[in-house]
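Raw entry_39.tsv, TSV, C-alpha atoms:
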chain	number	residue	atom	x	y	z
Q	1411	MET	CA	35.64	66.57	-7.93
Q	1412	ASN	CA	33.29	65.22	-5.28
Q	1413	ASP	CA	33.30	64.26	-1.62
Q	1414	ASP	CA	32.04	60.67	-1.94
Q	1415	LEU	CA	35.32	59.45	-0.51
Q	1416	GLU	CA	35.18	61.62	2.62
Q	1417	CYS	CA	34.07	58.78	4.89
Q	1418	PHE	CA	36.75	56.54	3.40
Q	1419	TRP	CA	39.59	58.99	4.13
Q	1420	SER	CA	38.68	59.31	7.79
Q	1421	LEU	CA	38.41	55.51	8.03
Q	1422	ILE	CA	41.96	55.00	6.70
Q	1423	ASP	CA	43.37	57.38	9.31
Q	1424	PHE	CA	41.72	55.45	12.14
Q	1425	PRO	CA	44.05	53.00	13.97
Q	1426	TYR	CA	41.69	50.05	13.53
Q	1427	PRO	CA	39.79	50.67	10.29
Q	1428	VAL	CA	36.90	48.23	10.75
Q	1429	LEU	CA	33.36	49.11	9.71
Q	1430	SER	CA	30.12	47.59	10.93
Q	1431	PHE	CA	27.25	46.60	8.67
Q	1432	SER	CA	25.20	49.61	9.80
Q	1433	ALA	CA	28.09	52.02	9.12
Q	1434	ILE	CA	28.56	50.66	5.60
Q	1435	ASN	CA	24.85	51.10	4.93
Q	1436	SER	CA	25.14	54.79	5.80
Q	1437	TRP	CA	27.64	55.39	2.98
Q	1438	PRO	CA	26.39	57.26	-0.10
Q	1439	GLY	CA	25.13	55.43	-3.19
Q	1440	ASN	CA	27.10	52.38	-4.25
Q	1441	LEU	CA	30.37	53.55	-2.69
Q	1442	HIS	CA	30.68	50.33	-0.70
Q	1443	GLN	CA	30.60	48.12	-3.82
Q	1444	ARG	CA	32.89	50.44	-5.78
Q	1445	LEU	CA	35.51	50.28	-3.04
Q	1446	ILE	CA	35.22	46.49	-3.02
Q	1447	ASP	CA	35.75	46.44	-6.80
Q	1448	LEU	CA	38.85	48.61	-6.37
Q	1449	ASP	CA	40.11	46.20	-3.66
Q	1450	PHE	CA	40.17	49.06	-1.17
Q	1451	ILE	CA	38.02	47.27	1.38
Q	1452	ARG	CA	37.54	43.60	2.20
Q	1453	GLN	CA	35.28	41.60	4.48
Q	1454	ALA	CA	36.63	41.29	8.03
Q	1455	GLU	CA	35.84	38.98	10.93
Q	1456	THR	CA	32.23	38.56	11.99
Q	1457	ALA	CA	31.23	41.04	14.70
Q	1458	SER	CA	30.99	39.71	18.26
Q	1459	ARG	CA	29.27	42.88	19.51
Q	1460	VAL	CA	26.58	44.92	17.75
Q	1461	LEU	CA	24.28	47.86	18.40
Q	1462	CYS	CA	20.91	46.69	19.66
Q	1463	PRO	CA	18.58	46.77	16.62
Q	1464	GLU	CA	15.52	47.44	18.78
Q	1465	CYS	CA	16.51	50.58	20.68
Q	1466	ASN	CA	19.83	51.57	19.02
Q	1467	ASP	CA	20.99	52.58	22.47
Q	1468	HIS	CA	23.64	50.07	23.56
Q	1469	MET	CA	26.28	47.68	22.27
Q	1470	GLU	CA	25.96	44.07	23.37
Q	1471	GLU	CA	27.65	40.72	22.92
Q	1472	VAL	CA	25.94	38.60	20.28
Q	1473	VAL	CA	24.40	35.37	21.58
Q	1474	ALA	CA	23.98	32.42	19.19
Q	1475	MET	CA	21.13	30.02	19.95
Q	1476	LYS	CA	19.62	27.09	18.09
Q	1477	GLY	CA	16.05	27.86	17.10
Q	1478	PRO	CA	13.03	25.50	17.00
Q	1479	ASP	CA	13.83	24.63	13.38
Q	1480	GLY	CA	17.38	23.67	14.30
Q	1481	LYS	CA	18.93	26.74	12.64
Q	1482	ILE	CA	21.24	29.10	14.50
Q	1483	GLN	CA	19.63	32.39	15.46
Q	1484	TYR	CA	21.35	35.45	16.87
Q	1485	TYR	CA	20.23	37.78	19.65
Q	1486	VAL	CA	21.48	40.55	21.90
Q	1487	PRO	CA	20.07	41.22	25.39
Q	1488	CYS	CA	17.86	44.30	25.66
Q	1489	GLU	CA	15.91	45.63	28.67
Q	1490	GLU	CA	12.99	46.63	26.44
Q	1491	VAL	CA	12.40	43.32	24.65
Q	1492	LEU	CA	14.67	40.95	26.64
Q	1493	ARG	CA	16.10	39.38	23.49
Q	1494	ALA	CA	16.49	41.43	20.32
Q	1495	PRO	CA	16.95	39.28	17.19
Q	1496	VAL	CA	19.98	40.07	15.06
Q	1497	SER	CA	20.22	39.09	11.39
Q	1498	PRO	CA	23.36	37.18	10.27
Q	1499	GLU	CA	23.94	39.89	7.66
Q	1500	SER	CA	24.21	42.58	10.34
Q	1501	LEU	CA	27.22	40.74	11.84
Q	1502	THR	CA	29.24	41.43	8.71
Q	1503	GLN	CA	32.21	43.76	9.09
Q	1504	TRP	CA	34.56	45.37	6.59
Q	1505	THR	CA	38.11	46.63	6.81
Q	1506	VAL	CA	40.43	48.68	4.62
Q	1507	HIS	CA	42.78	46.64	2.44
Q	1508	LEU	CA	45.72	48.94	3.01
Q	1509	ASP	CA	48.17	47.12	0.74
Q	1510	GLY	CA	45.68	47.24	-2.11
Q	1511	PHE	CA	45.13	50.96	-1.62
Q	1512	ALA	CA	48.89	51.65	-1.47
Q	1513	ARG	CA	49.48	49.77	-4.73
Q	1514	VAL	CA	46.73	51.69	-6.52
Q	1515	LEU	CA	48.14	54.98	-5.24
Q	1516	ALA	CA	51.63	54.04	-6.49
Q	1517	SER	CA	50.15	53.19	-9.89
Q	1518	LEU	CA	48.25	56.48	-10.11
Q	1519	LEU	CA	51.47	58.39	-9.45
Q	1520	ALA	CA	53.37	56.33	-12.06
Q	1521	LEU	CA	56.29	55.74	-9.70
Q	1522	LYS	CA	59.37	53.64	-10.31
Q	1523	GLY	CA	60.31	50.72	-8.10
Q	1524	LYS	CA	58.27	48.28	-6.03
Q	1525	CYS	CA	55.62	49.33	-3.54
Q	1526	LYS	CA	56.81	48.02	-0.16
Q	1527	GLU	CA	55.36	48.05	3.35
Q	1528	LEU	CA	57.92	49.51	5.79
Q	1529	VAL	CA	55.94	49.57	9.05
Q	1530	PRO	CA	53.03	47.10	9.32
Q	1531	ASN	CA	49.68	48.78	8.63
Q	1532	SER	CA	51.27	52.23	8.96
Q	1533	LEU	CA	53.86	53.10	6.30
Q	1534	TRP	CA	54.59	52.17	2.70
Q	1535	ARG	CA	57.30	53.25	0.30
Q	1536	LEU	CA	55.25	53.67	-2.86
Q	1537	GLY	CA	58.26	54.05	-5.13
Q	1538	ARG	CA	60.56	56.75	-6.39
Q	1539	THR	CA	60.16	59.78	-8.61
Q	1540	ARG	CA	62.51	62.37	-10.06
Q	1541	TRP	CA	61.74	65.91	-9.05
Q	1542	GLN	CA	63.84	68.91	-10.00
Q	1543	GLY	CA	66.72	66.67	-11.03
Q	1544	ALA	CA	66.78	64.56	-7.86
Q	1545	SER	CA	65.43	61.11	-7.03
Q	1546	ARG	CA	62.96	61.12	-4.13
Q	1547	ASP	CA	61.18	58.45	-2.11
Q	1548	VAL	CA	57.40	58.74	-2.18
Q	1549	MET	CA	55.68	57.36	0.91
Q	1550	PHE	CA	52.18	56.72	2.14
Q	1551	ALA	CA	51.66	57.00	5.91
Q	1552	ARG	CA	48.60	56.75	8.11
Q	1553	CYS	CA	47.74	57.49	11.74
Q	1554	LEU	CA	50.72	59.78	12.32
Q	1555	HIS	CA	48.88	61.21	15.34
Q	1556	TRP	CA	49.10	57.73	16.88
Q	1557	ASP	CA	52.83	57.25	16.25
Q	1558	ALA	CA	53.72	57.30	19.96
Q	1559	THR	CA	57.05	55.47	19.57
Q	1560	GLY	CA	58.19	57.53	16.59
Q	1561	LYS	CA	58.88	54.37	14.59
Q	1562	VAL	CA	57.00	55.62	11.53
Q	1563	ARG	CA	58.70	59.00	11.71
Q	1564	SER	CA	62.14	57.35	11.91
Q	1565	GLU	CA	61.47	55.27	8.81
Q	1566	ILE	CA	60.21	58.28	6.87
Q	1567	VAL	CA	63.13	60.58	7.65
Q	1568	SER	CA	65.60	57.82	6.77
Q	1569	GLY	CA	64.23	57.84	3.22
Q	1570	HIS	CA	65.83	59.76	0.37
Q	1571	LYS	CA	64.30	63.25	0.27
Q	1572	PRO	CA	60.89	61.80	1.15
Q	1573	ILE	CA	57.53	63.08	-0.03
Q	1574	VAL	CA	54.75	61.90	2.27
Q	1575	PHE	CA	51.10	61.28	1.41
Q	1576	VAL	CA	48.57	60.98	4.25
Q	1577	PRO	CA	44.83	60.23	3.99
Q	1578	PHE	CA	42.99	62.79	6.09
Q	1579	CYS	CA	45.00	64.05	9.08
Q	1580	LEU	CA	48.21	66.06	9.02
Q	1581	PRO	CA	50.92	65.09	11.53
Q	1582	PRO	CA	50.75	66.95	14.86
Q	1583	ASP	CA	52.76	70.12	15.45
Q	1584	GLY	CA	56.41	69.35	16.11
Q	1585	TYR	CA	56.11	65.82	14.73
Q	1586	TRP	CA	59.17	66.05	12.47
Q	1587	ARG	CA	61.31	67.63	15.22
Q	1588	ARG	CA	63.90	68.89	12.77
Q	1589	LYS	CA	63.54	69.44	9.04
Q	1590	MET	CA	59.98	69.82	7.77
Q	1591	LEU	CA	58.89	67.38	5.06
Q	1592	PRO	CA	56.32	67.88	2.29
Q	1593	VAL	CA	53.06	66.26	3.43
Q	1594	ILE	CA	50.17	65.93	0.97
Q	1595	LEU	CA	46.56	65.33	2.04
Q	1596	LEU	CA	45.07	62.72	-0.29
Q	1597	SER	CA	41.59	63.90	0.67
Q	1598	ASP	CA	42.35	67.19	-1.11
Q	1599	PHE	CA	43.63	65.75	-4.38
Q	1600	VAL	CA	42.11	62.29	-4.96
Q	1601	THR	CA	38.55	61.89	-6.22
Q	1602	MET	CA	36.24	59.16	-7.49
Q	1603	ASN	CA	34.33	59.32	-10.76
Q	1604	ASP	CA	32.61	56.86	-13.10
Q	1605	ASN	CA	35.99	55.64	-14.37
Q	1606	GLY	CA	37.42	54.95	-10.92
Q	1607	ILE	CA	39.96	56.92	-8.89
Q	1608	GLU	CA	41.70	60.03	-10.19
Q	1609	ILE	CA	44.51	62.10	-8.70
Q	1610	ASP	CA	45.23	65.75	-9.46
Q	1611	GLU	CA	48.96	65.35	-10.12
Q	1612	LEU	CA	49.55	68.89	-11.36
Q	1613	ALA	CA	48.16	70.39	-8.16
Q	1614	ILE	CA	50.17	67.96	-6.04
Q	1615	TRP	CA	53.47	68.71	-7.75
Q	1616	ALA	CA	52.75	72.43	-7.47
Q	1617	VAL	CA	52.45	72.03	-3.71
Q	1618	ILE	CA	55.61	69.90	-3.51
Q	1619	ASN	CA	57.52	72.41	-5.62
Q	1620	ASP	CA	57.20	74.94	-2.84
Q	1621	PHE	CA	56.58	72.71	0.16
Q	1622	LYS	CA	58.40	74.98	2.61
Q	1623	THR	CA	55.78	77.63	1.93
Q	1624	ALA	CA	53.01	75.06	2.02
Q	1625	THR	CA	54.02	73.76	5.45
Q	1626	SER	CA	54.55	77.24	6.83
Q	1627	LEU	CA	50.95	78.05	5.94
Q	1628	ARG	CA	49.85	75.86	8.83
Q	1629	CYS	CA	51.61	77.94	11.45
Q	1630	THR	CA	51.94	81.42	9.89
Q	1631	LYS	CA	48.85	83.42	8.96
Q	1632	THR	CA	48.98	86.24	6.46
Q	1633	LEU	CA	45.98	87.82	8.19
Q	1634	SER	CA	44.68	87.26	11.66
Q	1635	GLU	CA	41.54	85.17	12.00
Q	1636	GLN	CA	39.76	88.33	13.14
Q	1637	ASP	CA	40.79	90.12	9.93
Q	1638	LEU	CA	39.61	87.23	7.76
Q	1639	ASN	CA	36.26	87.11	9.56
Q	1640	LEU	CA	35.91	90.85	9.00
Q	1641	MET	CA	36.54	90.34	5.27
Q	1642	ILE	CA	33.79	87.72	5.17
Q	1643	ARG	CA	31.26	89.90	7.05
Q	1644	ARG	CA	31.94	92.89	4.80
Q	1645	GLN	CA	31.56	90.80	1.66
Q	1646	ILE	CA	28.28	89.28	2.79
Q	1647	LYS	CA	26.94	92.69	3.77
Q	1648	ALA	CA	28.00	94.20	0.43
Q	1649	GLU	CA	26.50	91.40	-1.67
Q	1650	LYS	CA	23.38	90.95	0.49
Q	1651	TYR	CA	23.89	87.20	0.32
Q	1652	THR	CA	26.54	84.64	1.22
Q	1653	GLU	CA	28.72	84.92	-1.87
Q	1654	LEU	CA	32.46	85.20	-1.30
Q	1655	THR	CA	35.28	86.53	-3.44
Q	1656	ASP	CA	38.20	84.45	-4.63
Q	1657	ALA	CA	40.40	86.49	-2.31
Q	1658	ILE	CA	38.55	85.11	0.71
Q	1659	TYR	CA	38.70	81.52	-0.54
Q	1660	ILE	CA	42.44	81.87	-1.13
Q	1661	GLU	CA	43.09	83.51	2.23
Q	1662	ALA	CA	41.15	80.76	4.00
Q	1663	TYR	CA	43.26	78.15	2.20
Q	1664	ARG	CA	46.45	79.93	3.24
Q	1665	GLN	CA	45.40	80.05	6.87
Q	1666	CYS	CA	43.96	76.54	7.12
Q	1667	GLY	CA	46.59	74.74	5.05
Q	1668	SER	CA	44.22	72.47	3.11
Q	1669	LEU	CA	41.21	72.72	0.81
Q	1670	ARG	CA	38.96	70.70	3.11
Q	1671	LYS	CA	39.77	72.67	6.25
Q	1672	ALA	CA	39.30	75.96	4.39
Q	1673	ALA	CA	35.89	74.80	3.13
Q	1674	ASP	CA	34.81	73.70	6.63
Q	1675	TYR	CA	35.96	76.99	8.12
Q	1676	LEU	CA	34.10	79.12	5.56
Q	1677	SER	CA	30.97	76.98	5.81
Q	1678	LYS	CA	30.77	77.75	9.53
Q	1679	ARG	CA	31.36	81.46	8.97
Q	1680	VAL	CA	28.71	82.00	6.27
Q	1681	GLY	CA	26.17	79.50	7.58
Q	1682	LYS	CA	25.89	77.39	4.45
Q	1683	TYR	CA	27.78	74.44	2.99
Q	1684	ILE	CA	30.87	75.30	0.95
Q	1685	SER	CA	32.68	72.40	-0.66
Q	1686	LYS	CA	36.42	72.04	-1.08
Q	1687	ASP	CA	35.77	72.07	-4.85
Q	1688	VAL	CA	34.67	75.71	-4.62
Q	1689	VAL	CA	37.91	76.65	-2.85
Q	1690	HIS	CA	39.89	74.63	-5.41
Q	1691	THR	CA	38.15	76.42	-8.29
Q	1692	ALA	CA	38.96	79.83	-6.79
Q	1693	ILE	CA	42.62	78.85	-6.47
Q	1694	ASN	CA	42.67	77.67	-10.08
Q	1695	ARG	CA	41.18	80.99	-11.21
Q	1696	SER	CA	44.00	82.77	-9.38
Q	1697	GLY	CA	46.60	80.80	-11.33
Q	1698	GLY	CA	46.88	77.66	-9.24
Q	1699	PHE	CA	48.44	76.71	-5.92
Q	1700	GLU	CA	51.84	78.17	-6.70
Q	1701	ALA	CA	50.35	81.50	-7.75
Q	1702	ALA	CA	48.21	81.62	-4.62
Q	1703	ARG	CA	51.27	81.13	-2.46
Q	1704	ARG	CA	53.45	83.50	-4.51
Q	1705	ASN	CA	50.93	86.26	-3.87
Q	1706	GLU	CA	50.84	85.48	-0.16
Q	1707	ASN	CA	52.95	88.43	0.86
Q	1708	SER	CA	52.04	90.69	-2.04
Q	1709	ASN	CA	49.41	93.39	-2.28
Q	1710	SER	CA	47.31	91.47	-4.81
Q	1711	PHE	CA	44.31	91.68	-2.53
Q	1712	SER	CA	43.21	94.34	-0.13
Q	1713	ARG	CA	41.68	93.55	3.26
Q	1714	ASP	CA	38.17	94.03	1.91
Q	1715	GLY	CA	38.70	91.20	-0.57
Q	1716	LYS	CA	38.86	93.40	-3.69
Q	1717	ARG	CA	41.61	92.90	-6.22
Q	1718	GLN	CA	44.22	95.65	-6.46
Q	1719	SER	CA	46.72	96.40	-9.18
Q	1720	VAL	CA	50.38	95.65	-8.51
What would you get if you wrote out this structure as C-alpha cells?
Amino acid sequence: MNDDLECFWSLIDFPYPVLSFSAINSWPGNLHQRLIDLDFIRQAETASRVLCPECNDHMEEVVAMKGPDGKIQYYVPCEEVLRAPVSPESLTQWTVHLDGFARVLASLLALKGKCKELVPNSLWRLGRTRWQGASRDVMFARCLHWDATGKVRSEIVSGHKPIVFVPFCLPPDGYWRRKMLPVILLSDFVTMNDNGIEIDELAIWAVINDFKTATSLRCTKTLSEQDLNLMIRRQIKAEKYTELTDAIYIEAYRQCGSLRKAADYLSKRVGKYISKDVVHTAINRSGGFEAARRNENSNSFSRDGKRQSV
C-alpha cells in the first residue's frame, strides 16, 4: 500500500474538483499521467484566473494581448513588475472524470448490473452484490458534507440495503437521521501500484460484515483519549524511542474510525510520521478488522499496551 493517491481522494470530495497547472505539478512522480491513463482525470476549461508567477502572492484575471510578432501573449497585472507574463501551458486545468472513476470502482468490486449516476456529480449506483444471502445496492457518494438539501441522502436510503463508498470524508454526525448505513472510506482500502488500481476487498467485506460496530467506533471510545495518550507516553518511555505496540495502533483505529485518521493522530502524538499502512499491518497481525473489533470489549490488552491472556 502507498499514499500516492492521497491528493486525489481529497480532490474527489471537493465540490468543484478542478486543479490548476501548478497544483498538478506538485503531485508526486507521474501520478498525473497515470490518472489520465486510467481516465480518472481529464482536461478542463482554460483558467481565466491564475496565481501571479512573479510573486506567487495574488490571483489575477488573465489578460490576452497580441505581441509584436502577432502571436497572442498572456499576462496578469502585478504591482512589482506591472505585467507578469503567463505561459499558455500554465492556463491548463484538470478535473476529475467522476463517471470514469465510478465505472472503474464498479469493475474492481465485480458487481452485477449497470453503473448508473443517480444524482449529478454526487451519487452513483455502482451495481449490486449478494452479501450474507441478501442482494444489496452498492453506491459511490461524494461531498456528503455539502448535501444541504438531503437529496443525496434520500436517494441512498431508498436503495436496497445500501453499502456506501466515499472517497475521503465520512458523512457528518447525524447525517443518516435514522438507521446507520455502512460507509467505507476508499482512501483506506484502495491503492495504486505498477499494475494500476487495487482494492482490498477482504478488508472491506470484513468491515461491512460488522458495520454496526464499525460505525459505532466513531462515537464510542473504548478508552478515553487521555488513557490512550497515557499508553503512548508509557510505551515511548519504556522503549526509549517512538516505537508503538500493536495494541496502541488498534486502539487508535477503534477511536478514530479509519486507518488514515488513526495514523494522523499517532503521528502527532509521537512526533514522527506514521503511515496508515503501519496501522493496517498491526490490525492484520491481530487477526484482521473483525478480530480487532471483536476484542474491543475484551481484556486482550491491558492499559499499558501489553498483551494479556484471556
(request) For CA of Met1469 in chain Q and CA of Ile1422 in chain Q, determine how far apart the two atoms are, in Å to one decimal place. (result)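 So the two atoms, CA of Met1469 in chain Q and CA of Ile1422 in chain Q, lie 23.3 Å apart.
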(request) Find the spatial neighbours of Asp1598 in chain Q, counting all atoms listed in the file, within a cut-off of 8 Å - ignore same-chain residues fewer than 4 positions away - and output them as a VMD selection string. (result) chain Q and resid 1668 to 1670 1686
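With all atoms listed in the file as the basis for measurement, Q:Ala1474 is the residue among Q:Ala1657, Q:Ala1662, Q:Ala1474, Q:Leu1612 that approaches Leu1501 in chain Q most closely.
Among the candidate residues Q:Ala1512, Q:Leu1415, Q:Ala1457, Q:Met1475, the one lying nearest to Pro1438 in chain Q is Q:Leu1415, with distances computed using all atoms listed in the file.
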(request) Identify which of the residues Q:Pro1427, Q:Pro1530, Q:Gly1477, Q:Gly1606 lies closest to Trp1504 in chain Q, counting all atoms listed in the file when measuring atom-to-atom distances. (result)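 Residue with the minimum atom-to-atom distance to Trp1504 in chain Q: Q:Pro1427.
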(request) Quick one: everything within 10 Å of Tyr1426 in chain Q, counting only C-alpha atoms, minus sequence neighbours fewer than 3 positions away in the same chain. Send it as a count of residues only. (result) 8
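Interatomic distance, CA of Pro1577 in chain Q to CA of Glu1416 in chain Q: 9.8 Å.
Computed from the coordinates, the CA of Glu1470 in chain Q to CA of Tyr1485 in chain Q distance equals 9.3 Å.
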(message) Please list as a ChimeraX atom specification every residue within 9 Å of Lys1571 in chain Q, counting all atoms listed in the file and excluding residues in the same chain fewer than 5 positions away.
(response) /Q:1544-1548,1591
